[in-house]
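> Could you have a look at this structure, given as structure tokens, before my questions?
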Amino acid sequence: MVKSSRDTIYALASGAPPSAIALIRISGPKVTSIATATLSIGLPKPRQAALSEFSDLSGRLIDQCLAVFMAGPASYTGQDTLELSLHGGQTVIDLAVSALTDAGARLAEPGEFTRRAFEAGKLDLTKAEAIADLIDAASPAQHAQAIQQYGGALADLYSGWRQSLTQALALLEASIDFPDEEDAPERVEAPVLDLFRQLISELEQALESGEVSERIRDGFQIVILGKPNAGKSSLLNRLAGRDAAIVTEIPGTTRDIVEVRLVLGGYLVWLSDTAGLRDTSDKVEAEGVRRAMAKAEEADLRIWLVAPEESVPEAAVPEDLVVHSKSDLAKPRSVSRETYSISSRTGAGLDDLLDAIAERLKSLSVRSEAPMITRARHRNAIEGALKELGRAKEMLSDGYGAELVSEHVRIAARQLGSLTGHVEVEEILGEVFSTFCIGK
Ligand code: GDP
């Protein structure tokens with residue numbers, strides 16, 4: 001069957017059964033006939049919860065439910081929508097689903113409800129993505145960012161840029177349309193160049209602060225570095241609360257990188273345990289050391305773990321955290337810089353270390369007060385627009401005609417338009433909505 005937005009779709013919008021309630025959402029042109037065929041009360045009055053019996057087409061009772069009907073266009077999808085709250089058992093759901101299929105509806109694709117909302121003009125793409133992020137948020141920081149984006153932070157920014165581009169285009173068009181006015185090209189050059197400069201700097205700034213927004217969404221990278229046997233795996237396990245890394249007394253046990261996903265200080269982080277840093281003739285271990293160094297390079301935060309008797313590694317820079325391990329065994333050597341002291345065995349000092357990590361992540365996040373770019377799709381669009389604007393600016397300065405310059409401005413506008421979906425680009429829609437869960 002070819003899928004169309006005229007199909008009537010249904011999906012389980014609540015969590016996996018068994019659950020107290022199973023919410024089944026139905027949306028599309030057949031909602032009225034489905035309600036009439038399956039509900040003992042027929043089509044409920046719009047926006048009023050109504051108790052009803054729900055039966056299959058042969059009249060066999062499936063369950064009693066609470067039914068809410070939202071008449072289009074005043075609904076999430078813009079179409080007639082019916083929500084049925086049934087009891088959340090697997091068989092109830094299975095029977096309900098086959099009744100709905102018999103009545104002419106089909107199972108929704110991931111994100112199809114929200115896609116319909118987008119197509120009905122109820123929300124732009126950044127808002128649709130914010131809904132997906134809100135559902136997926138694993139940390140308070142991700143949640144806060146998703147809420148801000150849902151509130152239109154990115155869309156507002158974009159509409160400001162879009163206005164500047166339109167203004168530049170209008171000026172350029174004017175100089176094309178009135179070629180008789182001898183000085184027209186010169187008169188528009190300065191204001192258009194100003195607009196270009198301003199926009200370029202704003203886009204560059206957005207890209208820069210966007211790195212943090214992307215990190216908040218995807219997780220900060222924290223790596224634990226140190227010599228073999230410093231206690232790195234024990235620390236990771238302690239923080240992760242499970243045995244993710246192998247802990248042994250034989251130096252060089254962790255040969256590759258072990259990563260765990262955690263929420264620390266309200267932020268999603270990927271914490272990596274690395275191979276102990278030492279010169280080694282073992283090929284596999286040497287590769288582990290090389291990977292550890294590469295990982296350390298790109299990490300947002302490095303934690304150097306040093307045994308009590310060891311001194312602070314030379315490679316530790318002021319932004320890194322230096323932590324003495326095994327405080328239950330011995331007092332650390334006195335050192336010149338601020339260090340932390342922990343015992344993975346007793347748990348001593350871990351709270352202070354966690355506070356310090358949270359503090360670092362917080363200061364890394366300050367630059368992203370307004371989430372600008374939260375995913376690679378946004379970054380690509382802005383980078384593309386920036387390239388075109390740079391070219392347009394160069395051409396205008398080099399005395400190229402307004403027609404040629406405006407072509408690049410138009411491409412830039414299209415790139416930025418793809419952020420919110422103000423262009424018809426089928427692939428973008430597919431990309432955005434395929435990551436949704438079914439029923440949203
Ligand atoms: P890694 O090589 O740096 O990953 O070190 P491990 O985590 O594998 O630990 C090496 C050894 O030190 C193991 O025998 C651990 O049990 C021990 N160890 C790790 N942390 C502590 C600690 O806080 N206190 C004590 N007493 N022993 C520890």
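We label chains A, B, ... in the order they appear in the structure tokens, count residues from 1 in each chain, and number ligands from 1 in the order shown.
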Give me the residues near segment 297-306 of chain A as a list in words, where near means some atom within 8 Å (using only C-alpha atoms) and where sequence neighbours in that chain fewer than 3 positions away do not count.
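So the residues in contact are Phe220, Gln221, Ile222, Val223, Ile224, Leu225, Gly226, Lys227, Ala230, Gly231, Lys232, Met293, Ala294, Glu310, Ser311, Val312, Pro313, Ala316, Glu319, Asp320, Leu321, Val322, Val323, His324, Ser325 and Arg360 of chain A.
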> From the DSSP assignment of the backbone, select every residue of segment 194-430 of chain A that is strand (DSSP E or B), and format the answer as a PyMOL selection string.
chain A and resi 220-226+258-264+267-273+301-306+321-324+340-341
> May I ask for the distance between atom CA of Val263 of chain A and atom CA of Pro228 of chain A, given in Å to one decimal place?
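Interatomic distance here is 26.3 Å.
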> Counting only C-alpha atoms, what is within 12 Å of Met395 of chain A, bar same-chain residues fewer than 2 positions away, as a ChimeraX atom specification?
/A:189,192-193,196,388-393,397-409
> Might you pull out every residue within 7 Å of segment 43-46 of chain A, with only C-alpha atoms counted and same-chain residues fewer than 2 positions away left off, and present them as JSON, numbers by chain?
{"A": [32, 35, 36, 41, 48, 50, 68, 69, 70, 71]}
> Please, could you write that set of residues out with all heavy atoms as a PDB file, in the first residue's frame?

```pdb
ATOM      1  N   THR A  32     -14.130   9.637  11.966  1.00  0.00           N
ATOM      2  CA  THR A  32     -15.563   9.636  12.277  1.00  0.00           C
ATOM      3  C   THR A  32     -16.171   8.255  12.052  1.00  0.00           C
ATOM      4  O   THR A  32     -16.881   7.719  12.907  1.00  0.00           O
ATOM      5  CB  THR A  32     -16.307  10.677  11.409  1.00  0.00           C
ATOM      6  OG1 THR A  32     -15.672  11.921  11.628  1.00  0.00           O
ATOM      7  CG2 THR A  32     -17.764  10.783  11.775  1.00  0.00           C
ATOM      8  N   ALA A  35     -14.977   5.803  14.700  1.00  0.00           N
ATOM      9  CA  ALA A  35     -15.635   6.014  15.994  1.00  0.00           C
ATOM     10  C   ALA A  35     -17.047   5.435  15.958  1.00  0.00           C
ATOM     11  O   ALA A  35     -17.484   4.739  16.894  1.00  0.00           O
ATOM     12  CB  ALA A  35     -15.660   7.502  16.335  1.00  0.00           C
ATOM     13  N   THR A  36     -17.738   5.692  14.874  1.00  0.00           N
ATOM     14  CA  THR A  36     -19.118   5.216  14.780  1.00  0.00           C
ATOM     15  C   THR A  36     -19.172   3.689  14.792  1.00  0.00           C
ATOM     16  O   THR A  36     -20.073   3.090  15.395  1.00  0.00           O
ATOM     17  CB  THR A  36     -19.763   5.740  13.472  1.00  0.00           C
ATOM     18  OG1 THR A  36     -19.346   7.080  13.307  1.00  0.00           O
ATOM     19  CG2 THR A  36     -21.259   5.678  13.508  1.00  0.00           C
ATOM     20  N   ILE A  41     -20.853   4.780  22.040  1.00  0.00           N
ATOM     21  CA  ILE A  41     -21.472   6.110  22.090  1.00  0.00           C
ATOM     22  C   ILE A  41     -21.388   6.826  20.744  1.00  0.00           C
ATOM     23  O   ILE A  41     -21.835   7.957  20.601  1.00  0.00           O
ATOM     24  CB  ILE A  41     -20.806   7.007  23.167  1.00  0.00           C
ATOM     25  CG1 ILE A  41     -19.305   7.156  22.875  1.00  0.00           C
ATOM     26  CG2 ILE A  41     -21.058   6.488  24.559  1.00  0.00           C
ATOM     27  CD1 ILE A  41     -18.671   8.312  23.609  1.00  0.00           C
ATOM     28  N   GLN A  48     -14.258  16.561  24.679  1.00  0.00           N
ATOM     29  CA  GLN A  48     -14.853  16.141  25.952  1.00  0.00           C
ATOM     30  C   GLN A  48     -14.566  14.671  26.149  1.00  0.00           C
ATOM     31  O   GLN A  48     -14.862  13.859  25.275  1.00  0.00           O
ATOM     32  CB  GLN A  48     -16.364  16.352  25.930  1.00  0.00           C
ATOM     33  CG  GLN A  48     -16.745  17.795  26.184  1.00  0.00           C
ATOM     34  CD  GLN A  48     -18.246  17.958  26.230  1.00  0.00           C
ATOM     35  OE1 GLN A  48     -18.973  17.022  26.535  1.00  0.00           O
ATOM     36  NE2 GLN A  48     -18.709  19.160  25.916  1.00  0.00           N
ATOM     37  N   ALA A  50     -15.150  11.061  27.103  1.00  0.00           N
ATOM     38  CA  ALA A  50     -16.399  10.310  27.227  1.00  0.00           C
ATOM     39  C   ALA A  50     -16.100   8.838  27.449  1.00  0.00           C
ATOM     40  O   ALA A  50     -15.206   8.272  26.819  1.00  0.00           O
ATOM     41  CB  ALA A  50     -17.227  10.482  25.952  1.00  0.00           C
ATOM     42  N   VAL A  68     -11.507  10.575  23.538  1.00  0.00           N
ATOM     43  CA  VAL A  68     -11.484  12.024  23.333  1.00  0.00           C
ATOM     44  C   VAL A  68     -11.341  12.296  21.835  1.00  0.00           C
ATOM     45  O   VAL A  68     -10.436  11.771  21.190  1.00  0.00           O
ATOM     46  CB  VAL A  68     -10.313  12.702  24.099  1.00  0.00           C
ATOM     47  CG1 VAL A  68     -10.312  14.210  23.857  1.00  0.00           C
ATOM     48  CG2 VAL A  68     -10.391  12.401  25.588  1.00  0.00           C
ATOM     49  N   PHE A  69     -12.264  13.098  21.330  1.00  0.00           N
ATOM     50  CA  PHE A  69     -12.238  13.417  19.896  1.00  0.00           C
ATOM     51  C   PHE A  69     -11.825  14.879  19.715  1.00  0.00           C
ATOM     52  O   PHE A  69     -12.336  15.761  20.401  1.00  0.00           O
ATOM     53  CB  PHE A  69     -13.641  13.179  19.317  1.00  0.00           C
ATOM     54  CG  PHE A  69     -13.812  13.698  17.914  1.00  0.00           C
ATOM     55  CD1 PHE A  69     -13.048  13.195  16.865  1.00  0.00           C
ATOM     56  CD2 PHE A  69     -14.746  14.699  17.643  1.00  0.00           C
ATOM     57  CE1 PHE A  69     -13.203  13.675  15.567  1.00  0.00           C
ATOM     58  CE2 PHE A  69     -14.916  15.190  16.351  1.00  0.00           C
ATOM     59  CZ  PHE A  69     -14.138  14.675  15.313  1.00  0.00           C
ATOM     60  N   MET A  70     -10.834  15.109  18.841  1.00  0.00           N
ATOM     61  CA  MET A  70     -10.461  16.474  18.499  1.00  0.00           C
ATOM     62  C   MET A  70     -10.747  16.663  17.019  1.00  0.00           C
ATOM     63  O   MET A  70     -10.154  15.973  16.175  1.00  0.00           O
ATOM     64  CB  MET A  70      -8.956  16.710  18.755  1.00  0.00           C
ATOM     65  CG  MET A  70      -8.634  17.350  20.080  1.00  0.00           C
ATOM     66  SD  MET A  70      -8.181  16.238  21.422  1.00  0.00           S
ATOM     67  CE  MET A  70      -7.243  14.980  20.746  1.00  0.00           C
ATOM     68  N   ALA A  71     -11.672  17.567  16.708  1.00  0.00           N
ATOM     69  CA  ALA A  71     -12.034  17.770  15.310  1.00  0.00           C
ATOM     70  C   ALA A  71     -10.967  18.621  14.627  1.00  0.00           C
ATOM     71  O   ALA A  71     -10.510  19.614  15.195  1.00  0.00           O
ATOM     72  CB  ALA A  71     -13.396  18.455  15.222  1.00  0.00           C
TER      73      ALA A  71
END
```
> Env of segment 118-132 of chain A: 8 Å cut, atoms = only C-alpha atoms, seq-sep filter 6 positions within chain, self excluded. Answer as an MDAnalysis selection string.
chainID A and resid 76:78 146:147 149:152 154:155 419:421 432 435:436
> Go ahead and save the residues from that selection, with all heavy atoms, as a CSV table (one decimal), in the first residue's frame.

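This is the output file again-v2.csv:
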```csv
chain,number,residue,atom,x,y,z
A,76,TYR,N,-3.6,18.3,17.0
A,76,TYR,CA,-2.2,18.2,16.9
A,76,TYR,C,-1.8,18.1,15.4
A,76,TYR,O,-0.9,18.8,14.9
A,76,TYR,CB,-1.6,17.1,17.7
A,76,TYR,CG,-0.1,16.9,17.7
A,76,TYR,CD1,0.7,17.9,18.2
A,76,TYR,CD2,0.5,15.8,17.1
A,76,TYR,CE1,2.1,17.8,18.3
A,76,TYR,CE2,1.9,15.7,17.1
A,76,TYR,CZ,2.7,16.7,17.7
A,76,TYR,OH,4.1,16.5,17.7
A,77,THR,N,-2.4,17.2,14.7
A,77,THR,CA,-2.1,16.9,13.3
A,77,THR,C,-2.8,17.8,12.4
A,77,THR,O,-2.5,17.8,11.2
A,77,THR,CB,-2.5,15.4,12.9
A,77,THR,OG1,-3.9,15.3,13.2
A,77,THR,CG2,-1.7,14.4,13.7
A,78,GLY,N,-3.8,18.5,12.9
A,78,GLY,CA,-4.6,19.4,12.0
A,78,GLY,C,-5.8,18.6,11.4
A,78,GLY,O,-6.7,19.1,10.7
A,146,ALA,N,16.0,21.4,25.1
A,146,ALA,CA,14.9,21.0,24.2
A,146,ALA,C,13.7,22.0,24.4
A,146,ALA,O,13.0,22.4,23.5
A,146,ALA,CB,14.4,19.6,24.5
A,147,ILE,N,13.4,22.3,25.7
A,147,ILE,CA,12.3,23.2,26.0
A,147,ILE,C,12.6,24.6,25.4
A,147,ILE,O,11.6,25.2,24.8
A,147,ILE,CB,12.2,23.4,27.6
A,147,ILE,CG1,11.5,22.1,28.1
A,147,ILE,CG2,11.5,24.6,28.0
A,147,ILE,CD1,10.0,22.1,27.9
A,149,GLN,N,14.4,25.2,22.7
A,149,GLN,CA,14.2,25.1,21.3
A,149,GLN,C,12.7,25.0,20.9
A,149,GLN,O,12.2,25.5,19.9
A,149,GLN,CB,15.0,23.9,20.7
A,149,GLN,CG,15.0,23.9,19.2
A,149,GLN,CD,15.9,22.8,18.6
A,149,GLN,OE1,17.0,22.6,19.2
A,149,GLN,NE2,15.4,22.1,17.6
A,150,TYR,N,12.0,24.3,21.8
A,150,TYR,CA,10.5,24.1,21.6
A,150,TYR,C,9.8,25.5,21.6
A,150,TYR,O,8.9,25.8,20.9
A,150,TYR,CB,9.9,23.2,22.6
A,150,TYR,CG,8.5,22.9,22.3
A,150,TYR,CD1,8.1,22.1,21.3
A,150,TYR,CD2,7.5,23.4,23.1
A,150,TYR,CE1,6.8,21.8,21.0
A,150,TYR,CE2,6.1,23.2,22.9
A,150,TYR,CZ,5.8,22.4,21.8
A,150,TYR,OH,4.5,22.1,21.5
A,151,GLY,N,10.4,26.3,22.5
A,151,GLY,CA,9.8,27.7,22.6
A,151,GLY,C,10.2,28.6,21.5
A,151,GLY,O,9.7,29.7,21.4
A,152,GLY,N,11.0,28.1,20.5
A,152,GLY,CA,11.2,28.8,19.3
A,152,GLY,C,12.6,29.6,19.3
A,152,GLY,O,12.8,30.4,18.4
A,154,LEU,N,15.6,28.7,18.3
A,154,LEU,CA,16.3,28.6,17.0
A,154,LEU,C,15.5,29.2,15.9
A,154,LEU,O,16.0,29.9,15.0
A,154,LEU,CB,16.6,27.1,16.8
A,154,LEU,CG,17.3,26.8,15.5
A,154,LEU,CD1,18.6,27.5,15.4
A,154,LEU,CD2,17.6,25.3,15.4
A,155,ALA,N,14.2,29.0,15.9
A,155,ALA,CA,13.3,29.5,14.8
A,155,ALA,C,13.4,31.1,14.8
A,155,ALA,O,13.4,31.7,13.8
A,155,ALA,CB,11.9,29.0,15.0
A,419,LEU,N,16.4,25.0,7.8
A,419,LEU,CA,16.4,24.8,9.2
A,419,LEU,C,15.0,24.6,9.8
A,419,LEU,O,14.8,23.8,10.6
A,419,LEU,CB,17.1,26.0,9.9
A,419,LEU,CG,18.6,26.1,9.9
A,419,LEU,CD1,19.0,27.4,10.5
A,419,LEU,CD2,19.1,25.0,10.7
A,420,THR,N,14.1,25.5,9.4
A,420,THR,CA,12.8,25.4,9.9
A,420,THR,C,11.8,24.7,9.0
A,420,THR,O,10.7,24.4,9.3
A,420,THR,CB,12.2,26.9,10.2
A,420,THR,OG1,12.4,27.6,9.0
A,420,THR,CG2,12.9,27.5,11.3
A,421,GLY,N,12.3,24.5,7.7
A,421,GLY,CA,11.4,23.8,6.8
A,421,GLY,C,10.7,24.7,5.9
A,421,GLY,O,9.7,24.4,5.3
A,432,VAL,N,14.4,14.2,9.4
A,432,VAL,CA,13.9,14.7,10.7
A,432,VAL,C,13.0,13.7,11.3
A,432,VAL,O,13.1,13.4,12.5
A,432,VAL,CB,13.3,16.1,10.6
A,432,VAL,CG1,12.6,16.5,11.8
A,432,VAL,CG2,14.3,17.2,10.2
A,435,THR,N,13.6,9.8,12.9
A,435,THR,CA,14.2,9.5,14.2
A,435,THR,C,13.2,9.5,15.4
A,435,THR,O,13.5,9.3,16.5
A,435,THR,CB,15.3,10.6,14.6
A,435,THR,OG1,14.7,11.8,14.6
A,435,THR,CG2,16.4,10.6,13.6
A,436,PHE,N,11.9,9.8,15.0
A,436,PHE,CA,10.9,9.8,16.0
A,436,PHE,C,10.4,8.4,16.4
A,436,PHE,O,10.7,7.5,15.7
A,436,PHE,CB,9.6,10.5,15.5
A,436,PHE,CG,9.7,12.0,15.6
A,436,PHE,CD1,10.6,12.8,14.9
A,436,PHE,CD2,8.8,12.6,16.5
A,436,PHE,CE1,10.6,14.2,15.1
A,436,PHE,CE2,8.8,14.0,16.7
A,436,PHE,CZ,9.7,14.8,16.0
```
> For Ala67 of chain A, which of A:Ala296, A:Val188, A:Ile257, A:Ile24 is the closest residue, counting only C-alpha atoms?
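Comparing A:Ala296, A:Val188, A:Ile257, A:Ile24 against Ala67 of chain A, the winner is A:Ile24.
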> Would you mind listing what lies within 7 Å of segment 82-93 of chain A as a list in words, with only C-alpha atoms counted and same-chain residues fewer than 5 positions away left out?
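Skipping anything fewer than 5 positions along the chain leaves Pro17, Pro18, Ser19, Ala20, Ile21, Ala22, Leu23, Ile24, Arg25, Ile26, Ser27, Val31, Ile62, Asp63, Gln64, Cys65, Leu66, Ala67, Val68, Phe69 and Met70 of chain A.
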> Can you work out which one of A:Pro318, A:Gly384, A:Gly160, A:Pro308 has the shortest atom-to-atom distance to ligand 1, counting only C-alpha atoms and all ligand atoms?
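Result for the nearest residue to ligand 1: A:Pro308.
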> Find the residues around Val269 of chain A up to 10 Å (only C-alpha atoms counted), leave out those fewer than 5 positions away in its own chain, and share them as a PyMOL selection string.
chain A and resi 139+215-222+259-264+300+361
> List every residue of segment 95-176 of chain A that DSSP, applied to the backbone, labels as alpha helix (DSSP H), and write the result as a PyMOL selection string.
chain A and resi 95-102+112-119+125-136+140-150+153-176
> Measuring between only C-alpha atoms and all ligand atoms, which one of A:Gly349, A:Gly417, A:Gly439, A:Pro110 shows the shortest distance to ligand 1?
A:Gly349
> Between atom CA of Phe113 of chain A and atom CA of Arg375 of chain A, what is the spacing in Å?
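Computing it gives 21.7 Å between the two atoms.
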> Calculated over only C-alpha atoms, which of the candidates A:Leu171, A:Arg197, A:Glu309, A:His143 has the smallest distance to Glu394 of chain A?
A:Arg197
> Which residue, A:Ala315, A:Leu236, A:Arg345, A:Leu207, has the smallest gap to Asn380 of chain A when you use only C-alpha atoms?
A:Leu207
> If you measure from atom CA of Ser327 of chain A to atom CA of Ser233 of chain A, what distance in Å do you get, rounded to one decimal?
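According to the coordinates, atom CA of Ser327 of chain A and atom CA of Ser233 of chain A are separated by 15.7 Å.
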> Given only C-alpha atoms as the basis, pick out the residue of A:Val366, A:Ala74, A:Ile34, A:Leu157 nearest to Ala103 of chain A.
A:Ile34
